[in-house]
file work.tsv (TSV, C-alpha atoms)
chain	number	residue	atom	x	y	z
G	345	ASP	CA	6.49	-23.12	42.30
G	346	GLY	CA	5.54	-24.04	45.84
G	347	GLY	CA	5.33	-21.30	48.38
G	348	ILE	CA	3.34	-19.21	50.81
G	349	THR	CA	1.09	-16.38	49.68
G	350	GLN	CA	0.01	-13.66	52.05
G	351	SER	CA	-2.60	-11.05	51.18
G	352	PRO	CA	-3.10	-8.21	51.17
G	353	LYS	CA	0.38	-6.71	51.21
G	354	TYR	CA	-0.92	-3.57	52.98
G	355	LEU	CA	-3.99	-3.30	55.18
G	356	PHE	CA	-5.56	-0.43	57.07
G	357	ARG	CA	-7.83	-0.84	60.06
G	358	LYS	CA	-10.30	1.61	61.50
G	359	GLU	CA	-10.98	1.85	65.21
G	360	GLY	CA	-13.27	-0.93	66.41
G	361	GLN	CA	-12.92	-2.93	63.22
G	362	ASN	CA	-11.88	-6.55	62.81
G	363	VAL	CA	-9.62	-7.35	59.87
G	364	THR	CA	-8.52	-10.69	58.45
G	365	LEU	CA	-5.12	-11.48	56.98
G	366	SER	CA	-4.91	-14.32	54.49
G	367	CYS	CA	-2.21	-17.00	54.35
G	368	GLU	CA	-2.24	-19.82	51.78
G	369	GLN	CA	0.45	-22.45	51.18
G	370	ASN	CA	0.87	-25.11	48.49
G	371	LEU	CA	3.84	-26.85	50.10
G	372	ASN	CA	1.69	-29.61	51.60
G	373	HIS	CA	2.98	-28.63	55.04
G	374	ASP	CA	1.01	-29.66	58.09
G	375	ALA	CA	2.19	-26.87	60.42
G	376	MET	CA	1.47	-23.18	59.96
G	377	TYR	CA	2.40	-20.16	62.07
G	378	TRP	CA	1.63	-16.48	62.50
G	379	TYR	CA	4.28	-14.07	63.73
G	380	ARG	CA	4.24	-10.39	64.49
G	381	GLN	CA	7.31	-8.22	63.84
G	382	ASP	CA	7.78	-4.79	65.37
G	383	PRO	CA	10.72	-2.44	64.69
G	384	GLY	CA	13.74	-3.34	66.79
G	385	GLN	CA	12.18	-6.58	68.00
G	386	GLY	CA	12.42	-10.14	66.87
G	387	LEU	CA	9.48	-12.12	65.54
G	388	ARG	CA	6.94	-13.08	68.17
G	389	LEU	CA	4.63	-16.06	67.79
G	390	ILE	CA	0.89	-15.28	67.78
G	391	TYR	CA	-0.71	-18.63	66.96
G	392	TYR	CA	0.35	-21.90	65.39
G	393	SER	CA	-1.39	-24.97	64.04
G	394	GLN	CA	0.12	-28.41	63.64
G	395	ILE	CA	-2.89	-30.02	61.98
G	396	VAL	CA	-6.24	-29.14	60.46
G	397	ASN	CA	-8.92	-28.09	62.97
G	398	ASP	CA	-6.37	-27.63	65.73
G	399	PHE	CA	-4.32	-24.61	66.82
G	400	GLN	CA	-2.47	-23.31	69.88
G	401	LYS	CA	-1.80	-19.88	71.30
G	402	GLY	CA	1.66	-18.49	70.99
G	403	ASP	CA	3.29	-15.86	73.17
G	404	ILE	CA	1.08	-12.90	72.19
G	405	ALA	CA	-2.34	-14.34	71.24
G	406	GLU	CA	-4.51	-11.75	73.01
G	407	GLY	CA	-6.59	-9.74	70.53
G	408	TYR	CA	-6.10	-12.25	67.70
G	409	SER	CA	-8.02	-15.27	66.45
G	410	VAL	CA	-7.33	-17.97	63.85
G	411	SER	CA	-8.99	-20.88	62.11
G	412	ARG	CA	-7.60	-23.94	60.32
G	413	GLU	CA	-10.39	-25.48	58.29
G	414	LYS	CA	-8.14	-26.49	55.42
G	415	LYS	CA	-4.56	-27.68	55.32
G	416	GLU	CA	-3.60	-24.97	52.85
G	417	SER	CA	-5.11	-21.99	54.68
G	418	PHE	CA	-4.51	-20.34	58.06
G	419	PRO	CA	-6.22	-16.91	58.23
G	420	LEU	CA	-5.50	-14.52	61.08
G	421	THR	CA	-8.14	-12.09	62.38
G	422	VAL	CA	-6.96	-9.00	64.21
G	423	THR	CA	-9.86	-8.07	66.45
G	424	SER	CA	-10.82	-4.70	67.92
G	425	ALA	CA	-9.50	-6.01	71.24
G	426	GLN	CA	-5.94	-5.71	69.89
G	427	LYS	CA	-5.18	-2.13	70.89
G	428	ASN	CA	-1.81	-1.84	69.16
G	429	PRO	CA	-2.15	-3.77	65.90
G	430	THR	CA	0.27	-1.74	63.79
G	431	ALA	CA	3.00	-4.20	62.80
G	432	PHE	CA	4.35	-6.44	60.06
G	433	TYR	CA	2.65	-9.85	60.11
G	434	LEU	CA	4.41	-12.94	58.78
G	435	CYS	CA	2.96	-16.36	58.05
G	436	ALA	CA	5.16	-19.47	57.93
G	437	SER	CA	4.81	-23.20	57.42
G	438	SER	CA	6.81	-26.37	58.01
G	439	PRO	CA	6.36	-30.14	57.86
G	440	THR	CA	5.17	-31.23	61.32
G	441	GLY	CA	7.47	-33.54	63.19
G	442	ARG	CA	10.32	-32.94	60.76
G	443	TRP	CA	12.11	-30.52	63.01
G	444	ASN	CA	15.27	-30.71	60.96
G	445	GLN	CA	13.50	-28.81	58.18
G	446	PRO	CA	13.45	-25.01	58.02
G	447	GLN	CA	10.29	-22.93	58.26
G	448	HIS	CA	9.21	-21.22	55.04
G	449	PHE	CA	7.86	-17.68	55.15
G	450	GLY	CA	5.50	-15.54	53.12
G	451	ASP	CA	6.24	-11.94	52.16
G	452	GLY	CA	4.16	-10.47	54.96
G	453	THR	CA	1.24	-8.08	55.46
G	454	ARG	CA	1.80	-4.61	56.87
G	455	LEU	CA	-1.13	-3.50	59.01
G	456	SER	CA	-1.67	0.13	59.97
G	457	ILE	CA	-4.31	2.07	61.89
G	458	LEU	CA	-6.36	4.73	60.11
V	497	LYS	CA	12.69	-18.95	79.44
V	498	GLN	CA	14.77	-19.05	76.28
V	499	GLU	CA	16.12	-15.68	75.17
V	500	VAL	CA	18.03	-15.05	71.96
V	501	THR	CA	20.31	-12.03	71.53
V	502	GLN	CA	22.09	-10.77	68.44
V	503	ILE	CA	25.09	-8.48	68.43
V	504	PRO	CA	25.72	-6.06	66.85
V	505	ALA	CA	22.27	-4.60	66.14
V	506	ALA	CA	23.62	-2.83	63.05
V	507	LEU	CA	26.77	-3.04	60.98
V	508	SER	CA	28.05	-0.98	58.05
V	509	VAL	CA	31.13	-2.16	56.17
V	510	PRO	CA	32.88	-1.61	52.84
V	511	GLU	CA	32.60	-4.21	50.15
V	512	GLY	CA	35.06	-7.11	50.36
V	513	GLU	CA	35.29	-7.38	54.14
V	514	ASN	CA	34.84	-10.66	55.97
V	515	LEU	CA	32.09	-10.38	58.59
V	516	VAL	CA	31.04	-12.16	61.76
V	517	LEU	CA	27.52	-11.87	63.12
V	518	ASN	CA	26.82	-13.18	66.59
V	519	CYS	CA	23.85	-14.95	68.14
V	520	SER	CA	23.60	-16.08	71.76
V	521	PHE	CA	20.90	-18.06	73.56
V	522	THR	CA	20.32	-18.67	77.25
V	523	ASP	CA	19.11	-22.28	77.28
V	524	SER	CA	21.30	-24.89	75.62
V	525	ALA	CA	18.42	-27.39	75.27
V	526	ILE	CA	17.85	-26.61	71.63
V	527	TYR	CA	17.03	-28.93	68.74
V	528	ASN	CA	18.58	-26.77	66.04
V	529	LEU	CA	19.43	-23.19	65.12
V	530	GLN	CA	18.56	-21.35	61.91
V	531	TRP	CA	19.96	-18.25	60.27
V	532	PHE	CA	17.58	-16.20	58.11
V	533	ARG	CA	17.93	-13.22	55.82
V	534	GLN	CA	15.22	-10.55	55.59
V	535	ASP	CA	15.17	-7.87	52.91
V	536	PRO	CA	13.24	-4.65	53.64
V	537	GLY	CA	9.48	-5.20	53.56
V	538	LYS	CA	9.89	-8.89	52.77
V	539	GLY	CA	9.57	-12.22	54.50
V	540	LEU	CA	12.39	-14.38	55.79
V	541	THR	CA	14.62	-16.59	53.67
V	542	SER	CA	16.33	-19.52	55.37
V	543	LEU	CA	20.12	-19.43	54.89
V	544	LEU	CA	21.51	-22.20	57.06
V	545	LEU	CA	20.19	-24.69	59.58
V	546	ILE	CA	22.50	-26.33	62.12
V	547	GLN	CA	21.35	-29.37	64.07
V	548	SER	CA	22.29	-29.46	67.75
V	549	SER	CA	24.69	-32.33	67.05
V	550	GLN	CA	26.55	-30.36	64.37
V	551	ARG	CA	29.32	-27.83	64.74
V	552	GLU	CA	28.93	-25.90	61.50
V	553	GLN	CA	27.19	-25.60	58.15
V	554	THR	CA	28.41	-23.95	54.96
V	555	SER	CA	26.65	-22.57	51.91
V	556	GLY	CA	28.72	-20.62	49.41
V	557	ARG	CA	30.25	-17.60	51.14
V	558	LEU	CA	28.29	-18.28	54.32
V	559	ASN	CA	29.46	-20.39	57.24
V	560	ALA	CA	27.51	-20.84	60.45
V	561	SER	CA	28.96	-22.40	63.58
V	562	LEU	CA	27.25	-23.63	66.72
V	563	ASP	CA	28.66	-24.01	70.23
V	564	LYS	CA	25.67	-25.39	72.07
V	565	SER	CA	27.35	-25.66	75.47
V	566	SER	CA	28.26	-21.99	75.53
V	567	GLY	CA	24.99	-20.88	73.92
V	568	ARG	CA	26.55	-19.25	70.87
V	569	SER	CA	26.34	-19.27	67.11
V	570	THR	CA	28.18	-17.17	64.57
V	571	LEU	CA	27.43	-16.42	60.94
V	572	TYR	CA	30.55	-15.76	58.91
V	573	ILE	CA	30.15	-13.94	55.59
V	574	ALA	CA	33.22	-14.02	53.38
V	575	ALA	CA	34.08	-11.28	50.89
V	576	SER	CA	30.94	-9.25	51.54
V	577	GLN	CA	29.05	-7.68	48.63
V	578	PRO	CA	26.44	-4.87	48.44
V	579	GLY	CA	23.85	-7.55	47.66
V	580	ASP	CA	24.43	-8.98	51.14
V	581	SER	CA	22.81	-5.87	52.64
V	582	ALA	CA	19.81	-7.09	54.66
V	583	THR	CA	18.77	-7.95	58.20
V	584	TYR	CA	20.07	-11.29	59.47
V	585	LEU	CA	18.07	-13.15	62.10
V	586	CYS	CA	18.89	-16.24	64.08
V	587	ALA	CA	16.27	-18.49	65.63
V	588	VAL	CA	16.48	-21.53	67.90
V	589	ARG	CA	14.07	-24.42	67.82
V	590	LEU	CA	13.36	-25.80	71.25
V	591	ASP	CA	13.64	-29.54	71.84
V	592	ASN	CA	10.67	-31.58	70.60
V	593	THR	CA	8.63	-28.62	69.44
V	594	ASP	CA	7.74	-26.75	66.27
V	595	LYS	CA	8.31	-23.39	67.97
V	596	LEU	CA	11.11	-21.02	67.00
V	597	ILE	CA	12.49	-18.30	69.27
V	598	PHE	CA	13.93	-15.40	67.28
V	599	GLY	CA	16.67	-12.93	67.99
V	600	THR	CA	16.22	-9.22	67.27
V	601	GLY	CA	18.43	-9.30	64.18
V	602	THR	CA	21.55	-7.59	62.83
V	603	ARG	CA	20.98	-4.99	60.13
V	604	LEU	CA	23.88	-5.19	57.68
V	605	GLN	CA	24.83	-2.60	55.10
V	606	VAL	CA	27.66	-3.29	52.67
V	607	PHE	CA	28.66	-0.23	50.65
V	608	PRO	CA	30.64	-0.23	47.39

call {"tool": "encode", "arguments": {"input": "work.tsv", "output": "structure tokens"}}
result
Amino acid sequence: DGGITQSPKYLFRKEGQNVTLSCEQNLNHDAMYWYRQDPGQGLRLIYYSQIVNDFQKGDIAEGYSVSREKKESFPLTVTSAQKNPTAFYLCASSPTGRWNQPQHFGDGTRLSIL
Amino acid sequence: KQEVTQIPAALSVPEGENLVLNCSFTDSAIYNLQWFRQDPGKGLTSLLLIQSSQREQTSGRLNASLDKSSGRSTLYIAASQPGDSATYLCAVRLDNTDKLIFGTGTRLQVFP
């Protein structure tokens, strides 16, 4: 079955540490996205990529970094510069340019501070 | 700047009731609008997608309507069941872009 796999499901970060969240898709989608979800708030866009080796900042990119070396993979690094990283992180994908198609989501990674 | 609001924030109803969830957006220049379902600790599942040129979409007991000029969408759930308990989110796609703007969601609980 095609889908999006996020790992790990739970992640703990120590002060001053960088951590990387994995997102892999086998839907052959060109576009991939990272969202952050906090209690009582909607999803906010961190970064998105419409094609390999290219990505754009979303609304809350500070303290995060991404790479898109392969079509299937879009890892997100939460750096030590992100002072409030505790949140639920969701990865999504969609076919670029086919805006009449819905975005597909993974099951998320919950990040907490130790 | 596009803002998306969902009312009510939470809803608790007995099984069998017909429900209406509301979504409003400030800028009518949207390409389409999506309704999603999110179960606790899980990702989002797309329920319905309405193009800006459409008035409504139906899937089973779900019906979503769109009034683009007034900046409103409603999700109608017929004959609610305990299995419908989840958070429902709406999101608008801006014209000519891959970006979605999400509402804050309505947390629904249907009790037996």

call {"tool": "closest_atom_pairs", "arguments": {"input": "work.tsv", "of": "chain V", "to": "chain G", "cutoff": "12 Å", "atoms": "all atoms listed in the file", "output": "CSV"}}
result
residue,atom,partner,partner_atom,distance
V:Lys497,CA,G:Asp403,CA,11.7
V:Glu499,CA,G:Gly386,CA,10.6
V:Val500,CA,G:Gly386,CA,9.0
V:Thr501,CA,G:Gly386,CA,9.4
V:Gln502,CA,G:Gly386,CA,9.8
V:Ala505,CA,G:Gly384,CA,8.6
V:Ala506,CA,G:Gly384,CA,10.6
V:Ile526,CA,G:Trp443,CA,11.1
V:Tyr527,CA,G:Trp443,CA,7.7
V:Asn528,CA,G:Asn444,CA,7.2
V:Leu529,CA,G:Pro446,CA,9.5
V:Gln530,CA,G:Pro446,CA,7.4
V:Trp531,CA,G:Pro446,CA,9.7
V:Phe532,CA,G:Pro446,CA,9.7
V:Arg533,CA,G:Phe449,CA,11.0
V:Gln534,CA,G:Asp451,CA,9.7
V:Asp535,CA,G:Asp451,CA,9.8
V:Pro536,CA,G:Asp451,CA,10.2
V:Gly537,CA,G:Asp451,CA,7.6
V:Lys538,CA,G:Asp451,CA,4.8
V:Gly539,CA,G:Asp451,CA,4.1
V:Leu540,CA,G:Phe449,CA,5.6
V:Thr541,CA,G:Phe449,CA,7.0
V:Ser542,CA,G:Pro446,CA,6.7
V:Leu543,CA,G:Pro446,CA,9.2
V:Leu544,CA,G:Pro446,CA,8.6
V:Leu545,CA,G:Pro446,CA,6.9
V:Ile546,CA,G:Asn444,CA,8.5
V:Gln547,CA,G:Asn444,CA,7.0
V:Ser548,CA,G:Asn444,CA,9.8
V:Ser549,CA,G:Asn444,CA,11.3
V:Gln550,CA,G:Asn444,CA,11.8
V:Thr583,CA,G:Gly386,CA,11.0
V:Tyr584,CA,G:Gly386,CA,10.7
V:Leu585,CA,G:Gly386,CA,8.0
V:Cys586,CA,G:Gly386,CA,9.3
V:Ala587,CA,G:Gly386,CA,9.3
V:Val588,CA,G:Pro446,CA,10.9
V:Arg589,CA,G:Trp443,CA,8.0
V:Leu590,CA,G:Trp443,CA,9.6
V:Asp591,CA,G:Trp443,CA,9.0
V:Asn592,CA,G:Trp443,CA,7.8
V:Thr593,CA,G:Trp443,CA,7.6
V:Asp594,CA,G:Trp443,CA,6.6
V:Lys595,CA,G:Leu389,CA,8.2
V:Leu596,CA,G:Leu389,CA,8.2
V:Ile597,CA,G:Arg388,CA,7.7
V:Phe598,CA,G:Gly386,CA,5.5
V:Gly599,CA,G:Gly386,CA,5.2
V:Thr600,CA,G:Gly386,CA,3.9
V:Gly601,CA,G:Gly386,CA,6.6
V:Thr602,CA,G:Gly384,CA,9.7
V:Arg603,CA,G:Gly384,CA,10.0

call {"tool": "residues_around", "arguments": {"input": "work.tsv", "residues": "Val606 (chain V)", "least_positions_apart": "3", "cutoff": "7 Å", "atoms": "all atoms listed in the file", "output": "list in words"}}
result
Ser508, Val509, Pro510, Glu511, Ser576, Gln577, Pro578, Asp580 and Ser581 of chain V

call {"tool": "atom_distance", "arguments": {"input": "work.tsv", "atom1": "CA of Glu413 (chain G)", "atom2": "CA of Arg380 (chain G)"}}
result
21.9 Å

call {"tool": "atom_distance", "arguments": {"input": "work.tsv", "atom1": "CA of Thr570 (chain V)", "atom2": "CA of Ala582 (chain V)"}}
result
16.4 Å

call {"tool": "atom_distance", "arguments": {"input": "work.tsv", "atom1": "CA of Arg357 (chain G)", "atom2": "CA of Glu406 (chain G)"}}
result
17.3 Å

call {"tool": "residues_around", "arguments": {"input": "work.tsv", "residues": "region 559-567 of chain V", "least_positions_apart": "2", "cutoff": "7 Å", "atoms": "only C-alpha atoms", "output": "mmCIF file with C-alpha atoms, in the frame of the given file"}}
result
data_model
loop_
_atom_site.group_PDB
_atom_site.id
_atom_site.type_symbol
_atom_site.label_atom_id
_atom_site.label_comp_id
_atom_site.auth_asym_id
_atom_site.auth_seq_id
_atom_site.Cartn_x
_atom_site.Cartn_y
_atom_site.Cartn_z
ATOM 1 C CA SER V 520 23.600 -16.080 71.760
ATOM 2 C CA PHE V 521 20.900 -18.060 73.560
ATOM 3 C CA THR V 522 20.320 -18.670 77.250
ATOM 4 C CA ASP V 523 19.110 -22.280 77.280
ATOM 5 C CA SER V 524 21.300 -24.890 75.620
ATOM 6 C CA SER V 548 22.290 -29.460 67.750
ATOM 7 C CA ARG V 551 29.320 -27.830 64.740
ATOM 8 C CA GLU V 552 28.930 -25.900 61.500
ATOM 9 C CA GLN V 553 27.190 -25.600 58.150
ATOM 10 C CA THR V 554 28.410 -23.950 54.960
ATOM 11 C CA SER V 555 26.650 -22.570 51.910
ATOM 12 C CA ARG V 557 30.250 -17.600 51.140
ATOM 13 C CA SER V 569 26.340 -19.270 67.110
ATOM 14 C CA THR V 570 28.180 -17.170 64.570
ATOM 15 C CA LEU V 571 27.430 -16.420 60.940
ATOM 16 C CA TYR V 572 30.550 -15.760 58.910
ATOM 17 C CA ILE V 573 30.150 -13.940 55.590
#

call {"tool": "closest_residue", "arguments": {"input": "work.tsv", "among": "G:Ile348, G:Leu458, G:Ile404, G:Val410", "to": "Cys367 (chain G)", "atoms": "only C-alpha atoms"}}
result
G:Ile348

call {"tool": "closest_residue", "arguments": {"input": "work.tsv", "among": "G:Pro419, G:Phe399, G:Gln426, G:Ala431", "to": "Ser351 (chain G)", "atoms": "only C-alpha atoms"}}
result
G:Pro419

call {"tool": "closest_residue", "arguments": {"input": "work.tsv", "among": "V:Gln498, V:Gly579, V:Leu604, V:Gly556", "to": "Leu515 (chain V)", "atoms": "only C-alpha atoms"}}
result
V:Leu604

call {"tool": "decode", "arguments": {"input": "work.tsv", "residues": "region 499-563 of chain V", "atoms": "C-alpha atoms", "output": "mmCIF file, in the first residue's frame"}}
result
data_model
loop_
_atom_site.group_PDB
_atom_site.id
_atom_site.type_symbol
_atom_site.label_atom_id
_atom_site.label_comp_id
_atom_site.auth_asym_id
_atom_site.auth_seq_id
_atom_site.Cartn_x
_atom_site.Cartn_y
_atom_site.Cartn_z
ATOM 1 C CA GLU V 499 -7.260 33.282 8.288
ATOM 2 C CA VAL V 500 -9.408 30.197 8.822
ATOM 3 C CA THR V 501 -11.722 29.862 11.820
ATOM 4 C CA GLN V 502 -13.731 26.874 12.994
ATOM 5 C CA ILE V 503 -16.734 27.023 15.272
ATOM 6 C CA PRO V 504 -17.485 25.429 17.650
ATOM 7 C CA ALA V 505 -14.106 24.427 19.102
ATOM 8 C CA ALA V 506 -15.686 21.401 20.784
ATOM 9 C CA LEU V 507 -18.978 19.573 20.509
ATOM 10 C CA SER V 508 -20.471 16.692 22.489
ATOM 11 C CA VAL V 509 -23.677 15.071 21.248
ATOM 12 C CA PRO V 510 -25.660 11.862 21.709
ATOM 13 C CA GLU V 511 -25.565 9.225 19.031
ATOM 14 C CA GLY V 512 -27.993 9.694 16.135
ATOM 15 C CA GLU V 513 -27.948 13.485 15.962
ATOM 16 C CA ASN V 514 -27.346 15.364 12.736
ATOM 17 C CA LEU V 515 -24.421 17.767 13.089
ATOM 18 C CA VAL V 516 -23.136 20.901 11.403
ATOM 19 C CA LEU V 517 -19.521 21.991 11.738
ATOM 20 C CA ASN V 518 -18.571 25.439 10.520
ATOM 21 C CA CYS V 519 -15.486 26.814 8.803
ATOM 22 C CA SER V 520 -14.972 30.430 7.767
ATOM 23 C CA PHE V 521 -12.137 32.080 5.849
ATOM 24 C CA THR V 522 -11.288 35.733 5.343
ATOM 25 C CA ASP V 523 -10.058 35.773 1.730
ATOM 26 C CA SER V 524 -12.356 34.346 -0.922
ATOM 27 C CA ALA V 525 -9.493 33.858 -3.426
ATOM 28 C CA ILE V 526 -9.189 30.161 -2.737
ATOM 29 C CA TYR V 527 -8.571 27.285 -5.138
ATOM 30 C CA ASN V 528 -10.326 24.647 -3.047
ATOM 31 C CA LEU V 529 -11.254 23.692 0.501
ATOM 32 C CA GLN V 530 -10.634 20.385 2.259
ATOM 33 C CA TRP V 531 -12.161 18.772 5.305
ATOM 34 C CA PHE V 532 -9.952 16.389 7.304
ATOM 35 C CA ARG V 533 -10.480 14.053 10.221
ATOM 36 C CA GLN V 534 -7.809 13.557 12.889
ATOM 37 C CA ASP V 535 -7.969 10.811 15.506
ATOM 38 C CA PRO V 536 -6.000 11.315 18.748
ATOM 39 C CA GLY V 537 -2.258 10.975 18.205
ATOM 40 C CA LYS V 538 -2.701 10.319 14.498
ATOM 41 C CA GLY V 539 -2.240 12.104 11.209
ATOM 42 C CA LEU V 540 -4.955 13.656 9.076
ATOM 43 C CA THR V 541 -7.315 11.753 6.807
ATOM 44 C CA SER V 542 -8.885 13.655 3.920
ATOM 45 C CA LEU V 543 -12.704 13.443 3.981
ATOM 46 C CA LEU V 544 -13.920 15.781 1.265
ATOM 47 C CA LEU V 545 -12.404 18.270 -1.147
ATOM 48 C CA ILE V 546 -14.520 21.007 -2.729
ATOM 49 C CA GLN V 547 -13.213 22.955 -5.709
ATOM 50 C CA SER V 548 -13.892 26.697 -5.703
ATOM 51 C CA SER V 549 -16.317 26.244 -8.603
ATOM 52 C CA GLN V 550 -18.375 23.653 -6.712
ATOM 53 C CA ARG V 551 -21.129 24.160 -4.174
ATOM 54 C CA GLU V 552 -20.977 20.850 -2.334
ATOM 55 C CA GLN V 553 -19.493 17.369 -2.122
ATOM 56 C CA THR V 554 -20.942 14.233 -0.554
ATOM 57 C CA SER V 555 -19.420 11.038 0.751
ATOM 58 C CA GLY V 556 -21.668 8.636 2.625
ATOM 59 C CA ARG V 557 -23.088 10.392 5.683
ATOM 60 C CA LEU V 558 -20.895 13.446 5.092
ATOM 61 C CA ASN V 559 -21.840 16.490 3.061
ATOM 62 C CA ALA V 560 -19.664 19.565 2.703
ATOM 63 C CA SER V 561 -20.877 22.833 1.225
ATOM 64 C CA LEU V 562 -18.939 25.867 0.080
ATOM 65 C CA ASP V 563 -20.084 29.478 -0.215
#
